[in-house]
file run_33.json (JSON, C-alpha atoms)
[["chain", "number", "residue", "atom", "x", "y", "z"],
["T", 1416, "MET", "CA", 0.00, 0.00, 0.00],
["T", 1417, "ASN", "CA", 1.47, 3.38, -0.93],
["T", 1418, "ARG", "CA", 1.91, 6.22, 1.54],
["T", 1419, "ARG", "CA", -1.16, 8.17, 0.48],
["T", 1420, "ASN", "CA", -3.51, 5.18, 0.58],
["T", 1421, "PHE", "CA", -2.07, 3.96, 3.86],
["T", 1422, "LEU", "CA", -2.60, 7.29, 5.56],
["T", 1423, "LYS", "CA", -6.01, 7.75, 3.99],
["T", 1424, "THR", "CA", -7.05, 4.43, 5.54],
["T", 1425, "THR", "CA", -5.56, 4.98, 8.99],
["T", 1426, "ALA", "CA", -6.74, 8.58, 9.24],
["T", 1427, "VAL", "CA", -10.36, 7.57, 9.13],
["T", 1428, "THR", "CA", -9.96, 4.61, 11.50],
["T", 1429, "ALA", "CA", -10.87, 4.86, 15.16],
["T", 1430, "VAL", "CA", -7.94, 4.68, 17.56],
["T", 1431, "ALA", "CA", -7.20, 1.10, 18.47],
["T", 1432, "SER", "CA", -7.74, 0.22, 22.09],
["T", 1433, "THR", "CA", -4.53, -1.77, 22.04],
["T", 1434, "VAL", "CA", -2.30, 1.28, 21.62],
["T", 1435, "VAL", "CA", 0.65, 1.09, 23.98],
["T", 1436, "SER", "CA", 0.18, 3.28, 27.04],
["T", 1437, "GLY", "CA", 2.78, 5.50, 28.63],
["T", 1438, "ASN", "CA", 2.51, 9.16, 27.59],
["T", 1439, "LEU", "CA", 1.63, 12.37, 29.17],
["T", 1440, "LEU", "CA", 0.30, 15.53, 27.67],
["T", 1441, "SER", "CA", 1.77, 18.01, 25.38],
["T", 1442, "SER", "CA", 5.25, 19.36, 25.61],
["T", 1443, "CYS", "CA", 8.04, 21.06, 23.59],
["T", 1444, "ALA", "CA", 11.66, 22.10, 24.53],
["T", 1445, "SER", "CA", 15.33, 21.98, 23.44],
["T", 1446, "GLU", "CA", 18.92, 21.22, 24.47],
["T", 1447, "LYS", "CA", 19.90, 20.59, 28.07],
["T", 1448, "THR", "CA", 21.54, 23.06, 30.41],
["T", 1449, "PRO", "CA", 25.21, 22.58, 31.38],
["T", 1450, "THR", "CA", 24.01, 20.97, 34.62],
["T", 1451, "GLY", "CA", 22.03, 18.39, 32.68],
["T", 1452, "LYS", "CA", 18.58, 19.67, 33.65],
["T", 1453, "LYS", "CA", 16.02, 18.79, 31.03],
["T", 1454, "LYS", "CA", 14.64, 21.79, 29.19],
["T", 1455, "ILE", "CA", 10.93, 21.10, 29.38],
["T", 1456, "GLY", "CA", 8.48, 23.55, 27.81],
["T", 1457, "ILE", "CA", 4.87, 24.41, 28.52],
["T", 1458, "GLN", "CA", 2.03, 25.87, 26.50],
["T", 1459, "LEU", "CA", 0.61, 28.45, 28.90],
["T", 1460, "TYR", "CA", -2.90, 27.82, 27.61],
["T", 1461, "SER", "CA", -2.76, 24.83, 29.96],
["T", 1462, "LEU", "CA", -3.22, 27.33, 32.80],
["T", 1463, "ARG", "CA", -5.57, 29.71, 31.04],
["T", 1464, "GLU", "CA", -8.04, 30.05, 33.94],
["T", 1465, "ASP", "CA", -5.28, 30.69, 36.47],
["T", 1466, "ILE", "CA", -3.62, 33.17, 34.12],
["T", 1467, "ALA", "CA", -6.88, 35.07, 33.73],
["T", 1468, "LYS", "CA", -6.98, 35.54, 37.51],
["T", 1469, "ASP", "CA", -3.28, 36.13, 38.24],
["T", 1470, "THR", "CA", -0.99, 36.23, 35.23],
["T", 1471, "ASP", "CA", 2.28, 37.05, 36.97],
["T", 1472, "GLY", "CA", 1.68, 34.69, 39.88],
["T", 1473, "THR", "CA", 0.85, 31.82, 37.56],
["T", 1474, "ILE", "CA", 3.94, 32.34, 35.43],
["T", 1475, "GLU", "CA", 6.06, 32.43, 38.58],
["T", 1476, "ALA", "CA", 4.48, 29.14, 39.66],
["T", 1477, "VAL", "CA", 5.39, 27.61, 36.31],
["T", 1478, "ALA", "CA", 9.02, 28.65, 36.82],
["T", 1479, "LYS", "CA", 9.08, 27.18, 40.33],
["T", 1480, "ILE", "CA", 7.93, 23.83, 38.99],
["T", 1481, "GLY", "CA", 10.99, 23.81, 36.74],
["T", 1482, "TYR", "CA", 9.76, 24.61, 33.25],
["T", 1483, "SER", "CA", 12.37, 26.35, 31.12],
["T", 1484, "PHE", "CA", 10.55, 27.27, 27.91],
["T", 1485, "ILE", "CA", 7.08, 28.68, 27.39],
["T", 1486, "GLU", "CA", 4.79, 28.84, 24.41],
["T", 1487, "SER", "CA", 2.51, 31.86, 24.61],
["T", 1488, "TYR", "CA", -1.00, 32.39, 23.36],
["T", 1489, "GLY", "CA", -3.40, 35.29, 22.99],
["T", 1490, "TYR", "CA", -1.08, 37.85, 21.39],
["T", 1491, "ARG", "CA", -3.10, 41.04, 21.10],
["T", 1492, "ASP", "CA", -2.44, 44.72, 20.39],
["T", 1493, "GLY", "CA", 1.30, 44.20, 20.27],
["T", 1494, "LYS", "CA", 1.44, 42.57, 23.70],
["T", 1495, "PHE", "CA", 1.86, 39.19, 25.33],
["T", 1496, "PHE", "CA", -0.28, 38.85, 28.46],
["T", 1497, "GLY", "CA", -0.51, 42.63, 28.68],
["T", 1498, "LYS", "CA", 3.22, 43.23, 28.37],
["T", 1499, "THR", "CA", 5.30, 44.54, 25.49],
["T", 1500, "PRO", "CA", 7.63, 41.98, 23.90],
["T", 1501, "LYS", "CA", 10.62, 43.39, 25.77],
["T", 1502, "GLU", "CA", 8.77, 43.49, 29.09],
["T", 1503, "PHE", "CA", 7.55, 39.91, 28.72],
["T", 1504, "SER", "CA", 10.96, 38.66, 27.65],
["T", 1505, "ALA", "CA", 12.56, 40.38, 30.66],
["T", 1506, "GLN", "CA", 9.97, 38.93, 33.03],
["T", 1507, "LEU", "CA", 10.67, 35.41, 31.81],
["T", 1508, "ALA", "CA", 14.44, 35.90, 31.89],
["T", 1509, "GLY", "CA", 14.18, 37.00, 35.51],
["T", 1510, "LEU", "CA", 12.49, 33.68, 36.26],
["T", 1511, "GLY", "CA", 15.00, 31.61, 34.33],
["T", 1512, "MET", "CA", 12.64, 30.97, 31.41],
["T", 1513, "LYS", "CA", 12.35, 31.97, 27.78],
["T", 1514, "MET", "CA", 9.50, 32.26, 25.29],
["T", 1515, "THR", "CA", 10.42, 30.09, 22.33],
["T", 1516, "SER", "CA", 7.05, 29.85, 20.58],
["T", 1517, "SER", "CA", 3.86, 31.83, 20.15],
["T", 1518, "HIS", "CA", 0.44, 30.39, 19.31],
["T", 1519, "THR", "CA", -1.48, 32.90, 17.28],
["T", 1520, "GLY", "CA", -3.95, 33.38, 14.45],
["T", 1521, "PHE", "CA", -3.88, 35.43, 11.26],
["T", 1522, "GLY", "CA", -6.67, 37.49, 9.73],
["T", 1523, "VAL", "CA", -5.41, 36.75, 6.21],
["T", 1524, "TYR", "CA", -7.34, 33.48, 6.20],
["T", 1525, "ARG", "CA", -10.54, 35.52, 6.01],
["T", 1526, "ASP", "CA", -9.30, 38.84, 4.66],
["T", 1527, "ASP", "CA", -6.51, 38.75, 2.06],
["T", 1528, "THR", "CA", -5.81, 42.49, 2.14],
["T", 1529, "THR", "CA", -2.76, 44.65, 2.60],
["T", 1530, "GLU", "CA", -3.99, 45.64, 6.05],
["T", 1531, "ALA", "CA", -4.35, 42.02, 7.10],
["T", 1532, "TRP", "CA", -0.85, 41.16, 5.91],
["T", 1533, "ASP", "CA", 0.53, 44.25, 7.67],
["T", 1534, "ALA", "CA", -0.99, 42.86, 10.89],
["T", 1535, "VAL", "CA", 0.82, 39.57, 10.26],
["T", 1536, "LYS", "CA", 4.10, 41.46, 9.88],
["T", 1537, "LYS", "CA", 3.50, 43.36, 13.12],
["T", 1538, "ASN", "CA", 2.75, 40.08, 14.90],
["T", 1539, "MET", "CA", 5.96, 38.56, 13.60],
["T", 1540, "GLU", "CA", 8.01, 41.61, 14.49],
["T", 1541, "ASP", "CA", 6.75, 41.49, 18.09],
["T", 1542, "THR", "CA", 7.16, 37.73, 18.31],
["T", 1543, "ARG", "CA", 10.77, 38.03, 17.20],
["T", 1544, "GLU", "CA", 11.39, 40.87, 19.65],
["T", 1545, "ALA", "CA", 10.10, 38.67, 22.48],
["T", 1546, "GLY", "CA", 12.87, 36.21, 21.62],
["T", 1547, "SER", "CA", 10.70, 33.53, 20.06],
["T", 1548, "LYS", "CA", 11.88, 30.96, 17.56],
["T", 1549, "TRP", "CA", 8.46, 29.72, 16.43],
["T", 1550, "ILE", "CA", 5.27, 31.43, 15.38],
["T", 1551, "VAL", "CA", 2.50, 28.85, 15.20],
["T", 1552, "GLN", "CA", -0.98, 28.92, 13.71],
["T", 1553, "ALA", "CA", -2.87, 27.77, 16.79],
["T", 1554, "GLY", "CA", -6.23, 26.71, 15.35],
["T", 1555, "TYR", "CA", -7.59, 25.09, 12.24],
["T", 1556, "PRO", "CA", -8.83, 27.82, 9.88],
["T", 1557, "GLY", "CA", -10.48, 25.20, 7.68],
["T", 1558, "ALA", "CA", -12.65, 23.49, 10.28],
["T", 1559, "ARG", "CA", -15.78, 24.03, 8.17],
["T", 1560, "TYR", "CA", -14.25, 23.30, 4.77],
["T", 1561, "THR", "CA", -16.30, 21.12, 2.45],
["T", 1562, "GLU", "CA", -14.30, 21.43, -0.79],
["T", 1563, "LEU", "CA", -10.79, 20.20, -1.52],
["T", 1564, "SER", "CA", -10.07, 23.44, -3.36],
["T", 1565, "GLN", "CA", -10.40, 25.27, -0.01],
["T", 1566, "VAL", "CA", -7.81, 22.96, 1.50],
["T", 1567, "GLU", "CA", -5.42, 23.65, -1.37],
["T", 1568, "GLN", "CA", -5.93, 27.40, -1.05],
["T", 1569, "LEU", "CA", -5.14, 27.23, 2.66],
["T", 1570, "ALA", "CA", -1.93, 25.34, 1.91],
["T", 1571, "ASP", "CA", -0.92, 28.19, -0.40],
["T", 1572, "THR", "CA", -1.62, 30.70, 2.39],
["T", 1573, "PHE", "CA", 0.57, 28.64, 4.73],
["T", 1574, "ASN", "CA", 3.41, 28.91, 2.21],
["T", 1575, "ARG", "CA", 2.94, 32.68, 2.00],
["T", 1576, "ILE", "CA", 2.98, 33.03, 5.79],
["T", 1577, "GLY", "CA", 6.03, 30.78, 6.00],
["T", 1578, "THR", "CA", 7.85, 32.93, 3.47],
["T", 1579, "LEU", "CA", 7.16, 36.01, 5.54],
["T", 1580, "ALA", "CA", 8.16, 34.30, 8.79],
["T", 1581, "LYS", "CA", 11.49, 33.34, 7.27],
["T", 1582, "GLN", "CA", 12.13, 36.97, 6.41],
["T", 1583, "PHE", "CA", 11.62, 37.83, 10.08],
["T", 1584, "GLY", "CA", 13.98, 35.07, 11.21],
["T", 1585, "LEU", "CA", 11.12, 32.92, 12.54],
["T", 1586, "LYS", "CA", 9.89, 29.42, 11.84],
["T", 1587, "PHE", "CA", 6.23, 29.06, 10.94],
["T", 1588, "GLY", "CA", 4.37, 26.07, 12.30],
["T", 1589, "TYR", "CA", 0.85, 24.74, 12.01],
["T", 1590, "HIS", "CA", -0.81, 23.14, 15.05],
["T", 1591, "ASN", "CA", -3.42, 20.53, 14.28],
["T", 1592, "HIS", "CA", -6.67, 19.63, 15.97],
["T", 1593, "ARG", "CA", -8.91, 16.75, 14.90],
["T", 1594, "GLU", "CA", -10.91, 18.00, 11.92],
["T", 1595, "GLU", "CA", -7.90, 17.93, 9.58],
["T", 1596, "PHE", "CA", -7.94, 14.13, 9.65],
["T", 1597, "ARG", "CA", -11.53, 13.84, 8.41],
["T", 1598, "ALA", "CA", -11.79, 13.22, 4.69],
["T", 1599, "ILE", "CA", -13.00, 15.86, 2.23],
["T", 1600, "GLN", "CA", -13.73, 14.45, -1.21],
["T", 1601, "ASN", "CA", -11.81, 11.28, -0.26],
["T", 1602, "GLN", "CA", -8.71, 13.24, 0.72],
["T", 1603, "ILE", "CA", -7.30, 13.86, 4.20],
["T", 1604, "PRO", "CA", -6.69, 17.63, 4.58],
["T", 1605, "TYR", "CA", -3.68, 17.16, 6.88],
["T", 1606, "GLN", "CA", -1.94, 15.00, 4.34],
["T", 1607, "ARG", "CA", -2.67, 17.47, 1.56],
["T", 1608, "TYR", "CA", -1.12, 20.23, 3.66],
["T", 1609, "LEU", "CA", 2.01, 18.11, 4.03],
["T", 1610, "GLU", "CA", 2.10, 17.50, 0.30],
["T", 1611, "LEU", "CA", 1.36, 21.05, -0.85],
["T", 1612, "THR", "CA", 3.48, 23.10, 1.55],
["T", 1613, "ASP", "CA", 7.17, 23.85, 1.16],
["T", 1614, "PRO", "CA", 9.26, 22.04, 3.83],
["T", 1615, "ALA", "CA", 11.59, 25.04, 3.90],
["T", 1616, "LEU", "CA", 8.70, 27.34, 4.85],
["T", 1617, "VAL", "CA", 6.09, 25.34, 6.76],
["T", 1618, "SER", "CA", 6.60, 23.06, 9.74],
["T", 1619, "PHE", "CA", 3.93, 21.03, 11.50],
["T", 1620, "GLN", "CA", 3.46, 21.18, 15.25],
["T", 1621, "MET", "CA", 1.78, 17.84, 15.71],
["T", 1622, "ASP", "CA", -0.55, 17.48, 18.67],
["T", 1623, "ILE", "CA", -0.14, 13.78, 19.35],
["T", 1624, "GLY", "CA", -3.29, 13.55, 21.45],
["T", 1625, "HIS", "CA", -5.54, 14.94, 18.74],
["T", 1626, "VAL", "CA", -4.00, 12.65, 16.13],
["T", 1627, "ALA", "CA", -4.36, 9.63, 18.42],
["T", 1628, "ASN", "CA", -8.07, 10.35, 18.74],
["T", 1629, "GLU", "CA", -8.47, 10.16, 14.96],
["T", 1630, "MET", "CA", -5.92, 7.58, 13.74],
["T", 1631, "ALA", "CA", -5.14, 4.03, 14.82],
["T", 1632, "ASP", "CA", -1.50, 4.51, 13.80],
["T", 1633, "TYR", "CA", -1.03, 8.04, 15.07],
["T", 1634, "LEU", "CA", 2.74, 7.85, 14.62],
["T", 1635, "ALA", "CA", 2.48, 7.18, 10.88],
["T", 1636, "TYR", "CA", 3.10, 10.78, 9.87],
["T", 1637, "LEU", "CA", 6.19, 11.07, 12.05],
["T", 1638, "ARG", "CA", 7.59, 7.98, 10.34],
["T", 1639, "LEU", "CA", 6.59, 8.79, 6.77],
["T", 1640, "TYR", "CA", 7.26, 12.54, 6.67],
["T", 1641, "PRO", "CA", 10.56, 12.99, 8.53],
["T", 1642, "GLY", "CA", 11.77, 16.54, 8.77],
["T", 1643, "ARG", "CA", 8.30, 18.11, 8.64],
["T", 1644, "PHE", "CA", 7.75, 18.28, 12.41],
["T", 1645, "GLY", "CA", 9.80, 20.96, 14.11],
["T", 1646, "CYS", "CA", 8.04, 20.72, 17.46],
["T", 1647, "LEU", "CA", 5.31, 18.73, 19.12],
["T", 1648, "HIS", "CA", 2.47, 18.89, 21.58],
["T", 1649, "ILE", "CA", 2.42, 15.52, 23.29],
["T", 1650, "ARG", "CA", -0.63, 14.87, 25.40],
["T", 1651, "ASP", "CA", -1.97, 11.63, 26.77],
["T", 1652, "THR", "CA", -5.55, 10.72, 25.94],
["T", 1653, "ASP", "CA", -8.21, 8.17, 26.71],
["T", 1654, "VAL", "CA", -9.07, 6.94, 23.24],
["T", 1655, "LYS", "CA", -12.49, 5.75, 24.37],
["T", 1656, "THR", "CA", -13.70, 9.08, 25.73],
["T", 1657, "LYS", "CA", -11.42, 11.24, 23.50],
["T", 1658, "VAL", "CA", -10.47, 13.23, 26.60],
["T", 1659, "ALA", "CA", -6.92, 14.25, 27.47],
["T", 1660, "ILE", "CA", -5.85, 12.97, 30.87],
["T", 1661, "GLU", "CA", -2.80, 13.20, 33.09],
["T", 1662, "MET", "CA", 0.50, 11.67, 32.04],
["T", 1663, "GLY", "CA", 0.96, 7.97, 31.78],
["T", 1664, "ARG", "CA", -2.70, 7.20, 32.33],
["T", 1665, "GLY", "CA", -3.90, 7.00, 28.77],
["T", 1666, "HIS", "CA", -3.12, 5.22, 25.52],
["T", 1667, "VAL", "CA", -0.40, 7.34, 23.92],
["T", 1668, "ALA", "CA", 3.01, 5.67, 23.73],
["T", 1669, "LEU", "CA", 5.22, 8.53, 24.85],
["T", 1670, "GLU", "CA", 8.39, 6.46, 24.82],
["T", 1671, "GLU", "CA", 7.83, 5.47, 21.22],
["T", 1672, "VAL", "CA", 7.13, 9.09, 20.31],
["T", 1673, "TYR", "CA", 10.40, 10.20, 21.89],
["T", 1674, "ASN", "CA", 12.28, 7.45, 20.10],
["T", 1675, "LEU", "CA", 11.02, 8.90, 16.82],
["T", 1676, "PHE", "CA", 12.10, 12.45, 17.65],
["T", 1677, "ALA", "CA", 15.53, 12.35, 16.02],
["T", 1678, "ASN", "CA", 14.40, 10.85, 12.72],
["T", 1679, "ALA", "CA", 11.31, 13.04, 12.62],
["T", 1680, "GLY", "CA", 13.40, 16.21, 12.94],
["T", 1681, "VAL", "CA", 11.75, 17.37, 16.17],
["T", 1682, "GLU", "CA", 13.57, 20.28, 17.79],
["T", 1683, "ASP", "CA", 11.18, 21.30, 20.58],
["T", 1684, "TYR", "CA", 8.31, 19.93, 22.64],
["T", 1685, "TYR", "CA", 5.73, 21.61, 24.89],
["T", 1686, "VAL", "CA", 3.47, 20.30, 27.65],
["T", 1687, "GLU", "CA", -0.16, 21.19, 27.15],
["T", 1688, "GLN", "CA", -3.17, 20.07, 29.19],
["T", 1689, "GLU", "CA", -6.76, 21.03, 28.53],
["T", 1690, "GLU", "CA", -8.71, 18.66, 30.79],
["T", 1691, "TYR", "CA", -7.82, 17.94, 34.41],
["T", 1692, "ASN", "CA", -8.43, 15.48, 37.23],
["T", 1693, "TYR", "CA", -6.53, 17.76, 39.60],
["T", 1694, "ALA", "CA", -6.05, 21.48, 40.05],
["T", 1695, "PRO", "CA", -4.45, 22.74, 36.81],
["T", 1696, "ILE", "CA", -1.16, 23.78, 38.41],
["T", 1697, "GLU", "CA", -0.89, 20.39, 40.12],
["T", 1698, "SER", "CA", -1.61, 18.62, 36.84],
["T", 1699, "LEU", "CA", 1.18, 20.57, 35.18],
["T", 1700, "ARG", "CA", 3.50, 19.75, 38.09],
["T", 1701, "MET", "CA", 2.77, 16.05, 37.60],
["T", 1702, "CYS", "CA", 3.49, 16.51, 33.92],
["T", 1703, "TYR", "CA", 6.87, 18.05, 34.55],
["T", 1704, "ASP", "CA", 7.85, 15.47, 37.16],
["T", 1705, "TYR", "CA", 6.91, 12.65, 34.81],
["T", 1706, "LEU", "CA", 9.06, 13.97, 31.99],
["T", 1707, "ALA", "CA", 11.94, 14.90, 34.25],
["T", 1708, "ALA", "CA", 12.06, 11.36, 35.64],
["T", 1709, "ALA", "CA", 11.42, 9.47, 32.39],
["T", 1710, "PRO", "CA", 14.70, 7.80, 31.27],
["T", 1711, "PHE", "CA", 13.65, 7.97, 27.60],
["T", 1712, "VAL", "CA", 13.38, 11.79, 27.75],
["T", 1713, "LYS", "CA", 16.94, 12.83, 27.00],
["T", 1714, "TRP", "CA", 16.56, 16.62, 26.71]]
call {"tool": "encode", "arguments": {"input": "run_33.json", "output": "structure tokens"}}
result
Amino acid sequence: MNRRNFLKTTAVTAVASTVVSGNLLSSCASEKTPTGKKKIGIQLYSLREDIAKDTDGTIEAVAKIGYSFIESYGYRDGKFFGKTPKEFSAQLAGLGMKMTSSHTGFGVYRDDTTEAWDAVKKNMEDTREAGSKWIVQAGYPGARYTELSQVEQLADTFNRIGTLAKQFGLKFGYHNHREEFRAIQNQIPYQRYLELTDPALVSFQMDIGHVANEMADYLAYLRLYPGRFGCLHIRDTDVKTKVAIEMGRGHVALEEVYNLFANAGVEDYYVEQEEYNYAPIESLRMCYDYLAAAPFVKW
């Protein structure tokens, strides 16, 4: 079976209940410190309710747990969590952390005008000033697509955004949810994005949990498209309820995912949690402790 037909089949198959267990949530980071401490990242959306109540206190709590890298969300009016790029970068540096990625959205998907593209440039300029490496499309702009031509047009927009990101010294990534793995005119949108985008311009921030909820072999893309995945969100999930749960309690094979990192070209990984069985900050503490202790997590 060729690659396209194989992925077309697996992408529309329910997740097998026999998937090896042993993962956690979503996470993204980089090289180790001189002392050997693992550089574990966190998507701050995991603590969105706490951040809404006490932004600074929550970020300080994240640092105390031991996280080194953060992925932001909610960029608005030239600011990250109400701070200018320089202010936010300085705050993180004072806590021993760094923003390496920003989840965002772009108006050009709906409004292909000069003004919309100027807003993209401003976003990228601020993201670079904050010290970030990645700028990531956080949501699926094509969730309501019904025609394959719409998918192909979106892929072209990804290439255009990636070209611009490169000019700003950033890497553009696309974060998936679940809809991209549901066939449109017998084609899987996610696969078409992989095929139609330029590897030099567009990376894919795979959310393992979302893929696991849609594909029996959720690691197929990592194996078959090496080099296309610059960073990951790795969350554990209960494939029966489709709900993300705390680390090591679901059906995602985290060790196998990590073993694929090198060949897949993964540079960074970020913890993300959206459902909880504990207080959110405690859930994220468990997440960090799990990764820090896991022998198969090398960096």
call {"tool": "residues_around", "arguments": {"input": "run_33.json", "residues": "Ile1576 (chain T)", "least_positions_apart": "5", "cutoff": "12 Å", "atoms": "all atoms listed in the file", "output": "MDAnalysis selection string"}}
result
chainID T and resid 1520:1524 1527 1531:1536 1538:1539 1550:1552 1569:1571 1581:1583 1585:1589 1612:1613 1615:1618
call {"tool": "write_last_selection", "arguments": {"input": "run_33.json", "atoms": "C-alpha atoms", "output": "short mmCIF file (atom, residue, chain, number, x, y, z; two decimals), in the coordinates of the input"}}
result
data_model
loop_
_atom_site.label_atom_id
_atom_site.label_comp_id
_atom_site.auth_asym_id
_atom_site.auth_seq_id
_atom_site.Cartn_x
_atom_site.Cartn_y
_atom_site.Cartn_z
CA GLY T 1520 -3.95 33.38 14.45
CA PHE T 1521 -3.88 35.43 11.26
CA GLY T 1522 -6.67 37.49 9.73
CA VAL T 1523 -5.41 36.75 6.21
CA TYR T 1524 -7.34 33.48 6.20
CA ASP T 1527 -6.51 38.75 2.06
CA ALA T 1531 -4.35 42.02 7.10
CA TRP T 1532 -0.85 41.16 5.91
CA ASP T 1533 0.53 44.25 7.67
CA ALA T 1534 -0.99 42.86 10.89
CA VAL T 1535 0.82 39.57 10.26
CA LYS T 1536 4.10 41.46 9.88
CA ASN T 1538 2.75 40.08 14.90
CA MET T 1539 5.96 38.56 13.60
CA ILE T 1550 5.27 31.43 15.38
CA VAL T 1551 2.50 28.85 15.20
CA GLN T 1552 -0.98 28.92 13.71
CA LEU T 1569 -5.14 27.23 2.66
CA ALA T 1570 -1.93 25.34 1.91
CA ASP T 1571 -0.92 28.19 -0.40
CA LYS T 1581 11.49 33.34 7.27
CA GLN T 1582 12.13 36.97 6.41
CA PHE T 1583 11.62 37.83 10.08
CA LEU T 1585 11.12 32.92 12.54
CA LYS T 1586 9.89 29.42 11.84
CA PHE T 1587 6.23 29.06 10.94
CA GLY T 1588 4.37 26.07 12.30
CA TYR T 1589 0.85 24.74 12.01
CA THR T 1612 3.48 23.10 1.55
CA ASP T 1613 7.17 23.85 1.16
CA ALA T 1615 11.59 25.04 3.90
CA LEU T 1616 8.70 27.34 4.85
CA VAL T 1617 6.09 25.34 6.76
CA SER T 1618 6.60 23.06 9.74
#
call {"tool": "atom_distance", "arguments": {"input": "run_33.json", "atom1": "CA of Ile1455 (chain T)", "atom2": "CA of Glu1629 (chain T)"}}
result
26.5 Å
call {"tool": "atom_distance", "arguments": {"input": "run_33.json", "atom1": "CA of Glu1540 (chain T)", "atom2": "CA of Ile1485 (chain T)"}}
result
18.3 Å
call {"tool": "closest_residue", "arguments": {"input": "run_33.json", "among": "T:Ile1660, T:Leu1507, T:Ala1558, T:Val1712", "to": "Lys1453 (chain T)", "atoms": "all atoms listed in the file"}}
result
T:Val1712
call {"tool": "atom_distance", "arguments": {"input": "run_33.json", "atom1": "CA of Glu1464 (chain T)", "atom2": "CA of Cys1702 (chain T)"}}
result
17.8 Å
call {"tool": "residues_around", "arguments": {"input": "run_33.json", "residues": "Ser1504 (chain T)", "least_positions_apart": "3", "cutoff": "10 Å", "atoms": "all atoms listed in the file", "output": "ChimeraX atom specification"}}
result
/T:1495,1498-1501,1507-1509,1512-1514,1544-1547
call {"tool": "residues_near_point", "arguments": {"input": "run_33.json", "point": "(3.8, 17.5, 4.0)", "cutoff": "12 Å", "atoms": "only C-alpha atoms", "output": "ChimeraX atom specification"}}
result
/T:1418-1419,1570,1573-1574,1588-1589,1603-1621,1636-1637,1639-1644
call {"tool": "write_last_selection", "arguments": {"input": "run_33.json", "atoms": "C-alpha atoms", "output": "PDB file, in the coordinates of the input"}}
result
ATOM      1  CA  ARG T1418       1.910   6.220   1.540  1.00  0.00           C
ATOM      2  CA  ARG T1419      -1.160   8.170   0.480  1.00  0.00           C
ATOM      3  CA  ALA T1570      -1.930  25.340   1.910  1.00  0.00           C
ATOM      4  CA  PHE T1573       0.570  28.640   4.730  1.00  0.00           C
ATOM      5  CA  ASN T1574       3.410  28.910   2.210  1.00  0.00           C
ATOM      6  CA  GLY T1588       4.370  26.070  12.300  1.00  0.00           C
ATOM      7  CA  TYR T1589       0.850  24.740  12.010  1.00  0.00           C
ATOM      8  CA  ILE T1603      -7.300  13.860   4.200  1.00  0.00           C
ATOM      9  CA  PRO T1604      -6.690  17.630   4.580  1.00  0.00           C
ATOM     10  CA  TYR T1605      -3.680  17.160   6.880  1.00  0.00           C
ATOM     11  CA  GLN T1606      -1.940  15.000   4.340  1.00  0.00           C
ATOM     12  CA  ARG T1607      -2.670  17.470   1.560  1.00  0.00           C
ATOM     13  CA  TYR T1608      -1.120  20.230   3.660  1.00  0.00           C
ATOM     14  CA  LEU T1609       2.010  18.110   4.030  1.00  0.00           C
ATOM     15  CA  GLU T1610       2.100  17.500   0.300  1.00  0.00           C
ATOM     16  CA  LEU T1611       1.360  21.050  -0.850  1.00  0.00           C
ATOM     17  CA  THR T1612       3.480  23.100   1.550  1.00  0.00           C
ATOM     18  CA  ASP T1613       7.170  23.850   1.160  1.00  0.00           C
ATOM     19  CA  PRO T1614       9.260  22.040   3.830  1.00  0.00           C
ATOM     20  CA  ALA T1615      11.590  25.040   3.900  1.00  0.00           C
ATOM     21  CA  LEU T1616       8.700  27.340   4.850  1.00  0.00           C
ATOM     22  CA  VAL T1617       6.090  25.340   6.760  1.00  0.00           C
ATOM     23  CA  SER T1618       6.600  23.060   9.740  1.00  0.00           C
ATOM     24  CA  PHE T1619       3.930  21.030  11.500  1.00  0.00           C
ATOM     25  CA  GLN T1620       3.460  21.180  15.250  1.00  0.00           C
ATOM     26  CA  MET T1621       1.780  17.840  15.710  1.00  0.00           C
ATOM     27  CA  TYR T1636       3.100  10.780   9.870  1.00  0.00           C
ATOM     28  CA  LEU T1637       6.190  11.070  12.050  1.00  0.00           C
ATOM     29  CA  LEU T1639       6.590   8.790   6.770  1.00  0.00           C
ATOM     30  CA  TYR T1640       7.260  12.540   6.670  1.00  0.00           C
ATOM     31  CA  PRO T1641      10.560  12.990   8.530  1.00  0.00           C
ATOM     32  CA  GLY T1642      11.770  16.540   8.770  1.00  0.00           C
ATOM     33  CA  ARG T1643       8.300  18.110   8.640  1.00  0.00           C
ATOM     34  CA  PHE T1644       7.750  18.280  12.410  1.00  0.00           C
TER      35      PHE T1644
END
call {"tool": "residues_around", "arguments": {"input": "run_33.json", "residues": "Gly1584 (chain T)", "least_positions_apart": "5", "cutoff": "9 Å", "atoms": "all atoms listed in the file", "output": "VMD selection string"}}
result
chain T and resid 1543 1548 1579
call {"tool": "write_last_selection", "arguments": {"input": "run_33.json", "atoms": "C-alpha atoms", "output": "PDB file, keeping the file's coordinate frame"}}
result
ATOM      1  CA  ARG T1543      10.770  38.030  17.200  1.00  0.00           C
ATOM      2  CA  LYS T1548      11.880  30.960  17.560  1.00  0.00           C
ATOM      3  CA  LEU T1579       7.160  36.010   5.540  1.00  0.00           C
TER       4      LEU T1579
END
call {"tool": "residues_around", "arguments": {"input": "run_33.json", "residues": "Glu1475 (chain T)", "least_positions_apart": "2", "cutoff": "12 Å", "atoms": "all atoms listed in the file", "output": "ChimeraX atom specification"}}
result
/T:1459,1465-1466,1469-1473,1477-1483,1485,1506-1512,1696
call {"tool": "closest_residue", "arguments": {"input": "run_33.json", "among": "T:Gly1663, T:Thr1656, T:Thr1542, T:Asp1526", "to": "Met1701 (chain T)", "atoms": "all atoms listed in the file"}}
result
T:Gly1663
call {"tool": "residues_around", "arguments": {"input": "run_33.json", "residues": "region 1672-1677 of chain T", "least_positions_apart": "6", "cutoff": "10 Å", "atoms": "all atoms listed in the file", "output": "ChimeraX atom specification"}}
result
/T:1438,1623,1633-1634,1637-1638,1641-1642,1644-1647,1649,1683-1684,1711-1713
